[in-house]
file protein_17.cif (mmCIF, C-alpha atoms; chains and numbers go by the auth columns)
data_work
#
loop_
_atom_site.group_PDB
_atom_site.id
_atom_site.type_symbol
_atom_site.label_atom_id
_atom_site.label_comp_id
_atom_site.label_asym_id
_atom_site.label_seq_id
_atom_site.Cartn_x
_atom_site.Cartn_y
_atom_site.Cartn_z
_atom_site.B_iso_or_equiv
_atom_site.auth_seq_id
_atom_site.auth_asym_id
ATOM 1 C CA MET A 1 41.987 81.311 138.485 0.00 12 A
ATOM 2 C CA LYS A 2 43.188 84.288 136.474 0.00 13 A
ATOM 3 C CA ILE A 3 45.886 85.014 139.046 0.00 14 A
ATOM 4 C CA ASN A 4 47.066 81.400 138.890 0.00 15 A
ATOM 5 C CA LYS A 5 47.320 81.564 135.107 0.00 16 A
ATOM 6 C CA ILE A 6 49.390 84.738 135.264 0.00 17 A
ATOM 7 C CA THR A 7 51.650 83.242 137.928 0.00 18 A
ATOM 8 C CA ALA A 8 52.178 80.089 135.872 0.00 19 A
ATOM 9 C CA ALA A 9 52.977 82.137 132.786 0.00 20 A
ATOM 10 C CA SER A 10 55.434 84.269 134.750 0.00 21 A
ATOM 11 C CA PHE A 11 57.116 81.184 136.123 0.00 22 A
ATOM 12 C CA ALA A 12 57.434 79.772 132.609 0.00 23 A
ATOM 13 C CA LEU A 13 59.018 83.017 131.438 0.00 24 A
ATOM 14 C CA VAL A 14 61.543 82.830 134.279 0.00 25 A
ATOM 15 C CA LEU A 15 62.458 79.279 133.295 0.00 26 A
ATOM 16 C CA LEU A 16 62.799 80.301 129.651 0.00 27 A
ATOM 17 C CA ALA A 17 65.037 83.258 130.548 0.00 28 A
ATOM 18 C CA GLY A 18 67.214 80.960 132.628 0.00 29 A
ATOM 19 C CA PHE A 19 67.521 78.518 129.739 0.00 30 A
ATOM 20 C CA ILE A 20 68.461 81.295 127.287 0.00 31 A
ATOM 21 C CA SER A 21 71.050 82.650 129.733 0.00 32 A
ATOM 22 C CA SER A 22 72.511 79.171 130.119 0.00 33 A
ATOM 23 C CA CYS A 23 72.763 78.761 126.344 0.00 34 A
ATOM 24 C CA ALA A 24 74.440 82.152 125.988 0.00 35 A
ATOM 25 C CA SER A 25 77.001 81.234 128.626 0.00 36 A
ATOM 26 C CA SER A 26 77.672 77.976 126.821 0.00 37 A
ATOM 27 C CA ASN A 27 78.143 79.717 123.473 0.00 38 A
ATOM 28 C CA SER A 28 80.500 82.277 124.987 0.00 39 A
ATOM 29 C CA ALA A 29 82.860 79.496 125.946 0.00 40 A
ATOM 30 C CA GLY A 30 84.192 79.522 122.365 0.00 41 A
ATOM 31 C CA ASN A 31 87.186 77.247 122.103 0.00 42 A
ATOM 32 C CA SER A 32 86.296 75.570 125.389 0.00 43 A
ATOM 33 C CA ALA A 33 83.121 74.268 123.788 0.00 44 A
ATOM 34 C CA ALA A 34 85.072 73.030 120.792 0.00 45 A
ATOM 35 C CA ILE A 35 87.276 70.889 123.002 0.00 46 A
ATOM 36 C CA SER A 36 84.654 69.818 125.541 0.00 47 A
ATOM 37 C CA ARG A 37 84.868 66.250 124.255 0.00 48 A
ATOM 38 C CA THR A 38 88.228 65.872 126.002 0.00 49 A
ATOM 39 C CA LYS A 39 86.499 65.722 129.390 0.00 50 A
ATOM 40 C CA ASN A 40 85.439 62.592 131.220 0.00 51 A
ATOM 41 C CA THR A 41 87.258 60.192 128.898 0.00 52 A
ATOM 42 C CA SER A 42 88.339 57.834 131.676 0.00 53 A
ATOM 43 C CA ALA A 43 85.041 55.916 131.538 0.00 54 A
ATOM 44 C CA LEU A 44 85.072 55.465 127.751 0.00 55 A
ATOM 45 C CA THR A 45 86.115 52.325 125.920 0.00 56 A
ATOM 46 C CA ALA A 46 89.081 52.355 123.524 0.00 57 A
ATOM 47 C CA GLN A 47 86.673 52.310 120.571 0.00 58 A
ATOM 48 C CA GLU A 48 84.749 55.292 121.921 0.00 59 A
ATOM 49 C CA ARG A 49 87.946 57.238 122.564 0.00 60 A
ATOM 50 C CA ALA A 50 89.202 56.489 119.038 0.00 61 A
ATOM 51 C CA ALA A 51 85.975 57.846 117.562 0.00 62 A
ATOM 52 C CA LEU A 52 86.447 61.174 119.338 0.00 63 A
ATOM 53 C CA ALA A 53 89.960 62.091 118.233 0.00 64 A
ATOM 54 C CA PHE A 54 93.292 61.185 116.622 0.00 65 A
ATOM 55 C CA TYR A 55 95.644 60.273 119.455 0.00 66 A
ATOM 56 C CA VAL A 56 99.312 60.976 119.998 0.00 67 A
ATOM 57 C CA TYR A 57 99.149 59.348 123.432 0.00 68 A
ATOM 58 C CA ALA A 58 96.150 57.559 124.961 0.00 69 A
ATOM 59 C CA ASP A 59 97.877 54.953 127.145 0.00 70 A
ATOM 60 C CA TYR A 60 101.160 53.072 127.200 0.00 71 A
ATOM 61 C CA LYS A 61 101.378 50.846 124.094 0.00 72 A
ATOM 62 C CA SER A 62 97.795 51.707 123.217 0.00 73 A
ATOM 63 C CA PRO A 63 96.688 50.851 119.654 0.00 74 A
ATOM 64 C CA LEU A 64 95.250 54.381 119.565 0.00 75 A
ATOM 65 C CA ASN A 65 98.739 55.952 119.625 0.00 76 A
ATOM 66 C CA HIS A 66 99.922 57.278 116.248 0.00 77 A
ATOM 67 C CA PHE A 67 103.367 58.775 116.894 0.00 78 A
ATOM 68 C CA TYR A 68 106.597 57.667 118.624 0.00 79 A
ATOM 69 C CA PRO A 69 108.481 59.706 121.272 0.00 80 A
ATOM 70 C CA SER A 70 111.745 59.096 119.424 0.00 81 A
ATOM 71 C CA GLY A 71 112.990 62.629 118.799 0.00 82 A
ATOM 72 C CA TRP A 72 115.085 63.433 121.851 0.00 83 A
ATOM 73 C CA MET A 73 116.700 66.878 121.801 0.00 84 A
ATOM 74 C CA GLY A 74 119.128 69.024 123.774 0.00 85 A
ATOM 75 C CA ASP A 75 120.564 67.601 126.981 0.00 86 A
ATOM 76 C CA THR A 76 118.912 64.208 126.589 0.00 87 A
ATOM 77 C CA ARG A 77 120.696 62.754 129.619 0.00 88 A
ATOM 78 C CA ASP A 78 118.923 65.304 131.789 0.00 89 A
ATOM 79 C CA LEU A 79 115.543 63.703 131.101 0.00 90 A
ATOM 80 C CA PHE A 80 113.845 60.767 132.793 0.00 91 A
ATOM 81 C CA PHE A 81 110.884 59.728 130.624 0.00 92 A
ATOM 82 C CA ASP A 82 108.303 57.125 131.630 0.00 93 A
ATOM 83 C CA GLN A 83 105.357 56.409 129.305 0.00 94 A
ATOM 84 C CA ASN A 84 103.980 53.813 131.689 0.00 95 A
ATOM 85 C CA SER A 85 103.504 55.886 134.826 0.00 96 A
ATOM 86 C CA LYS A 86 100.546 54.895 136.964 0.00 97 A
ATOM 87 C CA GLU A 87 100.831 57.938 139.209 0.00 98 A
ATOM 88 C CA TYR A 88 97.329 59.385 139.093 0.00 99 A
ATOM 89 C CA PRO A 89 96.699 59.387 135.302 0.00 100 A
ATOM 90 C CA TYR A 90 94.011 61.716 134.013 0.00 101 A
ATOM 91 C CA ALA A 91 92.389 58.999 131.879 0.00 102 A
ATOM 92 C CA GLY A 92 92.973 55.327 131.175 0.00 103 A
ATOM 93 C CA LYS A 93 95.539 53.325 133.123 0.00 104 A
ATOM 94 C CA THR A 94 98.767 55.266 132.489 0.00 105 A
ATOM 95 C CA CYS A 95 100.194 58.698 131.826 0.00 106 A
ATOM 96 C CA ILE A 96 103.621 60.101 130.898 0.00 107 A
ATOM 97 C CA LYS A 97 105.979 61.149 133.671 0.00 108 A
ATOM 98 C CA VAL A 98 108.885 63.452 132.840 0.00 109 A
ATOM 99 C CA GLN A 99 111.664 64.408 135.222 0.00 110 A
ATOM 100 C CA TYR A 100 114.134 67.093 134.161 0.00 111 A
ATOM 101 C CA ILE A 101 117.383 67.504 136.125 0.00 112 A
ATOM 102 C CA PRO A 102 119.428 70.256 134.422 0.00 113 A
ATOM 103 C CA SER A 103 123.152 69.524 134.282 0.00 114 A
ATOM 104 C CA GLY A 104 124.029 69.538 130.568 0.00 115 A
ATOM 105 C CA LYS A 105 125.749 72.307 128.650 0.00 116 A
ATOM 106 C CA ASN A 106 122.788 73.194 126.439 0.00 117 A
ATOM 107 C CA GLY A 107 120.507 74.165 129.303 0.00 118 A
ATOM 108 C CA TRP A 108 117.406 72.612 127.735 0.00 119 A
ATOM 109 C CA ALA A 109 115.890 69.296 126.682 0.00 120 A
ATOM 110 C CA GLY A 110 112.820 67.993 124.929 0.00 121 A
ATOM 111 C CA VAL A 111 111.105 65.127 123.137 0.00 122 A
ATOM 112 C CA PHE A 112 109.363 65.071 119.745 0.00 123 A
ATOM 113 C CA TRP A 113 106.725 62.444 118.912 0.00 124 A
ATOM 114 C CA GLN A 114 107.390 61.415 115.304 0.00 125 A
ATOM 115 C CA GLN A 115 106.006 59.212 112.536 0.00 126 A
ATOM 116 C CA PRO A 116 107.771 57.047 111.612 0.00 127 A
ATOM 117 C CA ALA A 117 110.162 56.843 114.554 0.00 128 A
ATOM 118 C CA ASN A 118 113.316 58.986 114.325 0.00 129 A
ATOM 119 C CA ASN A 119 111.896 60.985 111.439 0.00 130 A
ATOM 120 C CA TRP A 120 113.338 64.515 111.309 0.00 131 A
ATOM 121 C CA GLY A 121 111.904 65.169 107.872 0.00 132 A
ATOM 122 C CA ASP A 122 114.271 62.783 106.127 0.00 133 A
ATOM 123 C CA LYS A 123 111.646 60.003 105.838 0.00 134 A
ATOM 124 C CA ASP A 124 108.400 59.853 103.910 0.00 135 A
ATOM 125 C CA GLY A 125 105.810 59.670 106.662 0.00 136 A
ATOM 126 C CA GLY A 126 103.319 61.600 108.714 0.00 137 A
ATOM 127 C CA TYR A 127 99.549 61.923 108.535 0.00 138 A
ATOM 128 C CA ASP A 128 97.028 64.105 106.782 0.00 139 A
ATOM 129 C CA LEU A 129 95.387 65.923 109.694 0.00 140 A
ATOM 130 C CA SER A 130 93.599 68.566 107.646 0.00 141 A
ATOM 131 C CA LYS A 131 90.357 67.966 109.570 0.00 142 A
ATOM 132 C CA ALA A 132 91.947 68.729 112.935 0.00 143 A
ATOM 133 C CA THR A 133 90.680 71.815 114.747 0.00 144 A
ATOM 134 C CA HIS A 134 92.775 71.703 117.935 0.00 145 A
ATOM 135 C CA VAL A 135 95.516 69.756 119.638 0.00 146 A
ATOM 136 C CA THR A 136 94.507 69.116 123.234 0.00 147 A
ATOM 137 C CA PHE A 137 96.573 67.736 126.077 0.00 148 A
ATOM 138 C CA TRP A 138 96.386 67.441 129.845 0.00 149 A
ATOM 139 C CA MET A 139 99.330 68.346 132.080 0.00 150 A
ATOM 140 C CA ARG A 140 100.075 68.663 135.777 0.00 151 A
ATOM 141 C CA GLY A 141 103.152 69.436 137.825 0.00 152 A
ATOM 142 C CA GLU A 142 104.358 67.420 140.765 0.00 153 A
ATOM 143 C CA SER A 143 104.345 70.522 142.975 0.00 154 A
ATOM 144 C CA GLY A 144 102.859 73.236 140.760 0.00 155 A
ATOM 145 C CA GLY A 145 104.796 76.126 139.250 0.00 156 A
ATOM 146 C CA GLU A 146 106.810 74.010 136.802 0.00 157 A
ATOM 147 C CA VAL A 147 107.308 75.788 133.461 0.00 158 A
ATOM 148 C CA ILE A 148 107.125 74.141 130.048 0.00 159 A
ATOM 149 C CA SER A 149 108.879 76.557 127.720 0.00 160 A
ATOM 150 C CA GLU A 150 107.283 75.223 124.561 0.00 161 A
ATOM 151 C CA VAL A 151 104.749 72.722 123.266 0.00 162 A
ATOM 152 C CA LYS A 152 104.676 72.324 119.499 0.00 163 A
ATOM 153 C CA ILE A 153 103.249 70.299 116.629 0.00 164 A
ATOM 154 C CA GLY A 154 104.776 70.092 113.167 0.00 165 A
ATOM 155 C CA GLY A 155 107.758 72.113 111.995 0.00 166 A
ATOM 156 C CA LEU A 156 109.999 69.240 110.908 0.00 167 A
ATOM 157 C CA LYS A 157 112.094 70.196 107.880 0.00 168 A
ATOM 158 C CA GLY A 158 114.139 68.198 105.369 0.00 169 A
ATOM 159 C CA GLN A 159 113.302 66.260 102.230 0.00 170 A
ATOM 160 C CA PHE A 160 109.798 65.455 103.528 0.00 171 A
ATOM 161 C CA PRO A 161 108.936 68.494 105.651 0.00 172 A
ATOM 162 C CA ASP A 162 105.826 69.037 107.738 0.00 173 A
ATOM 163 C CA SER A 163 103.296 71.212 105.953 0.00 174 A
ATOM 164 C CA ASP A 164 102.975 73.640 108.885 0.00 175 A
ATOM 165 C CA PHE A 165 103.533 74.072 112.607 0.00 176 A
ATOM 166 C CA ALA A 166 101.782 75.496 115.672 0.00 177 A
ATOM 167 C CA VAL A 167 103.217 76.306 119.082 0.00 178 A
ATOM 168 C CA LYS A 168 102.195 77.228 122.618 0.00 179 A
ATOM 169 C CA LYS A 169 104.839 78.803 124.863 0.00 180 A
ATOM 170 C CA ASN A 170 105.491 79.374 128.557 0.00 181 A
ATOM 171 C CA ILE A 171 103.008 77.062 130.247 0.00 182 A
ATOM 172 C CA THR A 172 103.068 77.260 134.043 0.00 183 A
ATOM 173 C CA LEU A 173 101.644 74.052 135.476 0.00 184 A
ATOM 174 C CA THR A 174 99.327 73.528 138.410 0.00 185 A
ATOM 175 C CA LYS A 175 99.454 70.605 140.810 0.00 186 A
ATOM 176 C CA GLY A 176 96.171 69.250 139.484 0.00 187 A
ATOM 177 C CA TRP A 177 95.422 68.135 135.950 0.00 188 A
ATOM 178 C CA LYS A 178 94.619 71.001 133.588 0.00 189 A
ATOM 179 C CA LEU A 179 93.520 70.991 129.962 0.00 190 A
ATOM 180 C CA TYR A 180 95.597 72.919 127.411 0.00 191 A
ATOM 181 C CA TYR A 181 95.088 73.322 123.696 0.00 192 A
ATOM 182 C CA ILE A 182 96.673 74.679 120.530 0.00 193 A
ATOM 183 C CA ASP A 183 94.296 76.210 117.996 0.00 194 A
ATOM 184 C CA LEU A 184 94.919 74.844 114.491 0.00 195 A
ATOM 185 C CA LYS A 185 92.602 77.192 112.630 0.00 196 A
ATOM 186 C CA GLY A 186 94.126 78.241 109.314 0.00 197 A
ATOM 187 C CA LYS A 187 96.984 75.731 109.538 0.00 198 A
ATOM 188 C CA LYS A 188 98.001 73.532 106.613 0.00 199 A
ATOM 189 C CA LEU A 189 98.035 70.040 108.065 0.00 200 A
ATOM 190 C CA SER A 190 98.226 67.815 104.986 0.00 201 A
ATOM 191 C CA ARG A 191 101.477 66.246 106.261 0.00 202 A
ATOM 192 C CA ILE A 192 102.338 66.168 109.952 0.00 203 A
ATOM 193 C CA ALA A 193 105.157 63.820 110.989 0.00 204 A
ATOM 194 C CA GLY A 194 106.058 65.765 114.130 0.00 205 A
ATOM 195 C CA GLY A 195 102.922 65.031 116.096 0.00 206 A
ATOM 196 C CA PHE A 196 103.766 66.618 119.441 0.00 207 A
ATOM 197 C CA CYS A 197 106.764 68.098 121.224 0.00 208 A
ATOM 198 C CA PHE A 198 107.658 69.589 124.599 0.00 209 A
ATOM 199 C CA VAL A 199 110.741 71.564 125.639 0.00 210 A
ATOM 200 C CA VAL A 200 111.887 72.484 129.138 0.00 211 A
ATOM 201 C CA ASN A 201 114.893 74.600 130.081 0.00 212 A
ATOM 202 C CA LYS A 202 117.164 75.389 132.992 0.00 213 A
ATOM 203 C CA ASP A 203 116.351 79.098 133.094 0.00 214 A
ATOM 204 C CA ASP A 204 112.695 78.369 133.843 0.00 215 A
ATOM 205 C CA ASN A 205 113.409 75.411 136.141 0.00 216 A
ATOM 206 C CA PRO A 206 116.829 75.983 137.734 0.00 217 A
ATOM 207 C CA ARG A 207 116.278 73.170 140.230 0.00 218 A
ATOM 208 C CA GLY A 208 114.682 70.901 137.666 0.00 219 A
ATOM 209 C CA CYS A 209 111.072 69.796 137.500 0.00 220 A
ATOM 210 C CA THR A 210 108.773 66.794 137.358 0.00 221 A
ATOM 211 C CA PHE A 211 105.555 66.873 135.378 0.00 222 A
ATOM 212 C CA TYR A 212 102.954 64.595 133.821 0.00 223 A
ATOM 213 C CA ILE A 213 101.225 64.474 130.423 0.00 224 A
ATOM 214 C CA ASP A 214 98.101 62.580 129.368 0.00 225 A
ATOM 215 C CA GLU A 215 95.429 62.405 126.635 0.00 226 A
ATOM 216 C CA VAL A 216 97.431 64.084 123.846 0.00 227 A
ATOM 217 C CA ARG A 217 95.154 64.191 120.826 0.00 228 A
ATOM 218 C CA TYR A 218 94.008 66.005 117.727 0.00 229 A
ATOM 219 C CA GLU A 219 90.358 67.029 117.889 0.00 230 A
ATOM 220 C CA MET A 220 88.882 66.249 114.487 0.00 231 A
ATOM 221 C CA ASN A 221 86.069 67.974 112.626 0.00 232 A
ATOM 222 C CA LYS A 222 83.861 65.006 111.750 0.00 233 A
#

call {"tool": "encode", "arguments": {"input": "protein_17.cif", "output": "structure tokens"}}
result
Amino acid sequence: MKINKITAASFALVLLAGFISSCASSNSAGNSAAISRTKNTSALTAQERAALAFYVYADYKSPLNHFYPSGWMGDTRDLFFDQNSKEYPYAGKTCIKVQYIPSGKNGWAGVFWQQPANNWGDKDGGYDLSKATHVTFWMRGESGGEVISEVKIGGLKGQFPDSDFAVKKNITLTKGWKLYYIDLKGKKLSRIAGGFCFVVNKDDNPRGCTFYIDEVRYEMNK
């Protein structure tokens, strides 16, 4: 009986050590843990998704969307932009499909999501996103290897400027959906009218590129 008790105690210690190791691994994930709520959103209702985050894009014409993709930049004729693509969305029913065919003189193009529409800092708008901790977004390339030269939030100037900006540069896409994020720690987000922006250029994609975007959202500290 004594041997059995020792064996049981040893087994319990092994289980406890495994649990502690698992917790340590989870804690070491850092920012990944902070944005873990972005996973498995496809099965959630609109109300549940709204409770998790402040959306730039959830689905085409979704009531959860808070900004408008009205700020076209650079060689705008080089872009094909479809907010209602049903080609393998990450979550919900739709995603954004972007096709870039470089032919213009500027050698780059992009789109800024704004509030209100067509606001370059000359209109009183935007949102107080001071509780946001990250901007998260999912992207995939049609073939893999496509390069997004810049993803940005904020930075609009003018009479009613954004209070700050944050940027992520040189994203090389994979063929499958992948989660990306911009850390907003220390940023002043009391007015953000430029909710999200991407830029692609000819130097990175000389033959053009096609890519997809989904679940663009601000993760909020509740």

call {"tool": "closest_atom_pairs", "arguments": {"input": "protein_17.cif", "of": "stretch 72-139 of chain A", "to": "stretch 149-155 of chain A", "cutoff": "10 Å", "atoms": "all atoms listed in the file", "output": "CSV"}}
result
residue,atom,partner,partner_atom,distance
A:Pro100,CA,A:Trp149,CA,9.7
A:Tyr101,CA,A:Trp149,CA,7.5
A:Ala102,CA,A:Trp149,CA,9.6
A:Cys106,CA,A:Met150,CA,9.7
A:Ile107,CA,A:Met150,CA,9.4
A:Lys108,CA,A:Glu153,CA,9.6
A:Val109,CA,A:Gly152,CA,9.7
A:Gln110,CA,A:Glu153,CA,9.7

call {"tool": "atom_distance", "arguments": {"input": "protein_17.cif", "atom1": "atom CA of A:Trp188", "atom2": "atom CA of A:Asp86"}}
result
26.7 Å

call {"tool": "atom_distance", "arguments": {"input": "protein_17.cif", "atom1": "atom CA of A:Lys196", "atom2": "atom CA of A:Leu140"}}
result
12.0 Å

call {"tool": "closest_residue", "arguments": {"input": "protein_17.cif", "among": "A:Val146, A:Cys220, A:Ile159, A:Gly137", "to": "A:Asn232", "atoms": "only C-alpha atoms"}}
result
A:Val146

call {"tool": "closest_residue", "arguments": {"input": "protein_17.cif", "among": "A:Val158, A:Val122, A:Val211, A:Ile112", "to": "A:Lys186", "atoms": "only C-alpha atoms"}}
result
A:Val158

call {"tool": "axis_aligned_box", "arguments": {"input": "protein_17.cif", "around": "stretch 194-202 of chain A", "padding_each_side": "4 Å", "output": "JSON"}}
result
{"center_x": 97.0, "center_y": 72.2, "center_z": 111.5, "size_x": 16.9, "size_y": 20.0, "size_z": 21.0}

call {"tool": "atom_distance", "arguments": {"input": "protein_17.cif", "atom1": "atom CA of A:Cys208", "atom2": "atom CA of A:Gly132"}}
result
14.6 Å

call {"tool": "closest_residue", "arguments": {"input": "protein_17.cif", "among": "A:Lys163, A:Lys233, A:His145, A:Arg218", "to": "A:Ala177", "atoms": "only C-alpha atoms"}}
result
A:Lys163

call {"tool": "closest_residue", "arguments": {"input": "protein_17.cif", "among": "A:Gly165, A:Gly197, A:Ser160, A:Asp89", "to": "A:Lys179", "atoms": "only C-alpha atoms"}}
result
A:Ser160

call {"tool": "resolve_selection", "arguments": {"input": "protein_17.cif", "expression": "the PyMOL selection byres ((chain A and resi 230) around 8)", "output": "ChimeraX atom specification"}}
result
/A:46,63-65,143-147,228-229,231-232

call {"tool": "closest_residue", "arguments": {"input": "protein_17.cif", "among": "A:Lys168, A:Gly103, A:Gly156, A:Lys199", "to": "A:Ser141", "atoms": "only C-alpha atoms"}}
result
A:Lys199

call {"tool": "closest_residue", "arguments": {"input": "protein_17.cif", "among": "A:Ser201, A:Gln125, A:Thr185, A:Asn212", "to": "A:Leu167", "atoms": "all atoms listed in the file"}}
result
A:Gln125

call {"tool": "resolve_selection", "arguments": {"input": "protein_17.cif", "expression": "the PyMOL selection byres ((chain A and resi 135) around 9)", "output": "list of chain:residue names"}}
result
A:Gln126, A:Pro127, A:Asn130, A:Gly132, A:Asp133, A:Lys134, A:Gly136, A:Gly137, A:Gln170, A:Phe171, A:Pro172, A:Ala204

call {"tool": "resolve_selection", "arguments": {"input": "protein_17.cif", "expression": "the PyMOL selection byres ((chain A and resi 117) around 10)", "output": "PyMOL selection string"}}
result
chain A and resi 84-87+113-116+118-120+212-213

call {"tool": "build_atoms", "arguments": {"input": "protein_17.cif", "residues": "stretch 187-206 of chain A", "atoms": "N, CA and C atoms", "output": "PDB file, in the coordinates of the input"}}
result
ATOM      1  N   GLY A 187      97.236  70.109 139.997  1.00  0.00           N
ATOM      2  CA  GLY A 187      96.171  69.250 139.484  1.00  0.00           C
ATOM      3  C   GLY A 187      96.175  69.223 137.966  1.00  0.00           C
ATOM      4  N   TRP A 188      95.526  68.228 137.400  1.00  0.00           N
ATOM      5  CA  TRP A 188      95.422  68.135 135.950  1.00  0.00           C
ATOM      6  C   TRP A 188      94.710  69.355 135.380  1.00  0.00           C
ATOM      7  N   LYS A 189      95.243  69.873 134.276  1.00  0.00           N
ATOM      8  CA  LYS A 189      94.619  71.001 133.588  1.00  0.00           C
ATOM      9  C   LYS A 189      94.684  70.783 132.080  1.00  0.00           C
ATOM     10  N   LEU A 190      93.604  71.143 131.412  1.00  0.00           N
ATOM     11  CA  LEU A 190      93.520  70.991 129.962  1.00  0.00           C
ATOM     12  C   LEU A 190      94.158  72.181 129.256  1.00  0.00           C
ATOM     13  N   TYR A 191      95.001  71.885 128.262  1.00  0.00           N
ATOM     14  CA  TYR A 191      95.597  72.919 127.411  1.00  0.00           C
ATOM     15  C   TYR A 191      95.297  72.576 125.958  1.00  0.00           C
ATOM     16  N   TYR A 192      95.354  73.583 125.104  1.00  0.00           N
ATOM     17  CA  TYR A 192      95.088  73.322 123.696  1.00  0.00           C
ATOM     18  C   TYR A 192      95.880  74.278 122.809  1.00  0.00           C
ATOM     19  N   ILE A 193      96.091  73.844 121.568  1.00  0.00           N
ATOM     20  CA  ILE A 193      96.673  74.679 120.530  1.00  0.00           C
ATOM     21  C   ILE A 193      95.659  74.780 119.407  1.00  0.00           C
ATOM     22  N   ASP A 194      95.268  75.985 119.063  1.00  0.00           N
ATOM     23  CA  ASP A 194      94.296  76.210 117.996  1.00  0.00           C
ATOM     24  C   ASP A 194      94.967  75.981 116.637  1.00  0.00           C
ATOM     25  N   LEU A 195      94.360  75.166 115.807  1.00  0.00           N
ATOM     26  CA  LEU A 195      94.919  74.844 114.491  1.00  0.00           C
ATOM     27  C   LEU A 195      94.183  75.532 113.343  1.00  0.00           C
ATOM     28  N   LYS A 196      93.351  76.493 113.659  1.00  0.00           N
ATOM     29  CA  LYS A 196      92.602  77.192 112.630  1.00  0.00           C
ATOM     30  C   LYS A 196      93.551  77.861 111.635  1.00  0.00           C
ATOM     31  N   GLY A 197      93.320  77.627 110.358  1.00  0.00           N
ATOM     32  CA  GLY A 197      94.126  78.241 109.314  1.00  0.00           C
ATOM     33  C   GLY A 197      95.441  77.537 109.026  1.00  0.00           C
ATOM     34  N   LYS A 198      95.736  76.453 109.744  1.00  0.00           N
ATOM     35  CA  LYS A 198      96.984  75.731 109.538  1.00  0.00           C
ATOM     36  C   LYS A 198      96.854  74.718 108.400  1.00  0.00           C
ATOM     37  N   LYS A 199      97.951  74.517 107.691  1.00  0.00           N
ATOM     38  CA  LYS A 199      98.001  73.532 106.613  1.00  0.00           C
ATOM     39  C   LYS A 199      98.549  72.226 107.183  1.00  0.00           C
ATOM     40  N   LEU A 200      97.692  71.253 107.329  1.00  0.00           N
ATOM     41  CA  LEU A 200      98.035  70.040 108.065  1.00  0.00           C
ATOM     42  C   LEU A 200      98.010  68.791 107.187  1.00  0.00           C
ATOM     43  N   SER A 201      98.291  68.947 105.908  1.00  0.00           N
ATOM     44  CA  SER A 201      98.226  67.815 104.986  1.00  0.00           C
ATOM     45  C   SER A 201      99.317  66.780 105.235  1.00  0.00           C
ATOM     46  N   ARG A 202     100.444  67.203 105.849  1.00  0.00           N
ATOM     47  CA  ARG A 202     101.477  66.246 106.261  1.00  0.00           C
ATOM     48  C   ARG A 202     102.040  66.692 107.611  1.00  0.00           C
ATOM     49  N   ILE A 203     101.784  65.899 108.627  1.00  0.00           N
ATOM     50  CA  ILE A 203     102.338  66.168 109.952  1.00  0.00           C
ATOM     51  C   ILE A 203     103.025  64.900 110.446  1.00  0.00           C
ATOM     52  N   ALA A 204     104.354  64.935 110.471  1.00  0.00           N
ATOM     53  CA  ALA A 204     105.157  63.820 110.989  1.00  0.00           C
ATOM     54  C   ALA A 204     105.625  64.100 112.411  1.00  0.00           C
ATOM     55  N   GLY A 205     105.724  65.371 112.761  1.00  0.00           N
ATOM     56  CA  GLY A 205     106.058  65.765 114.130  1.00  0.00           C
ATOM     57  C   GLY A 205     104.772  66.016 114.893  1.00  0.00           C
ATOM     58  N   GLY A 206     104.262  64.961 115.532  1.00  0.00           N
ATOM     59  CA  GLY A 206     102.922  65.031 116.096  1.00  0.00           C
ATOM     60  C   GLY A 206     102.777  65.843 117.362  1.00  0.00           C
TER      61      GLY A 206
END
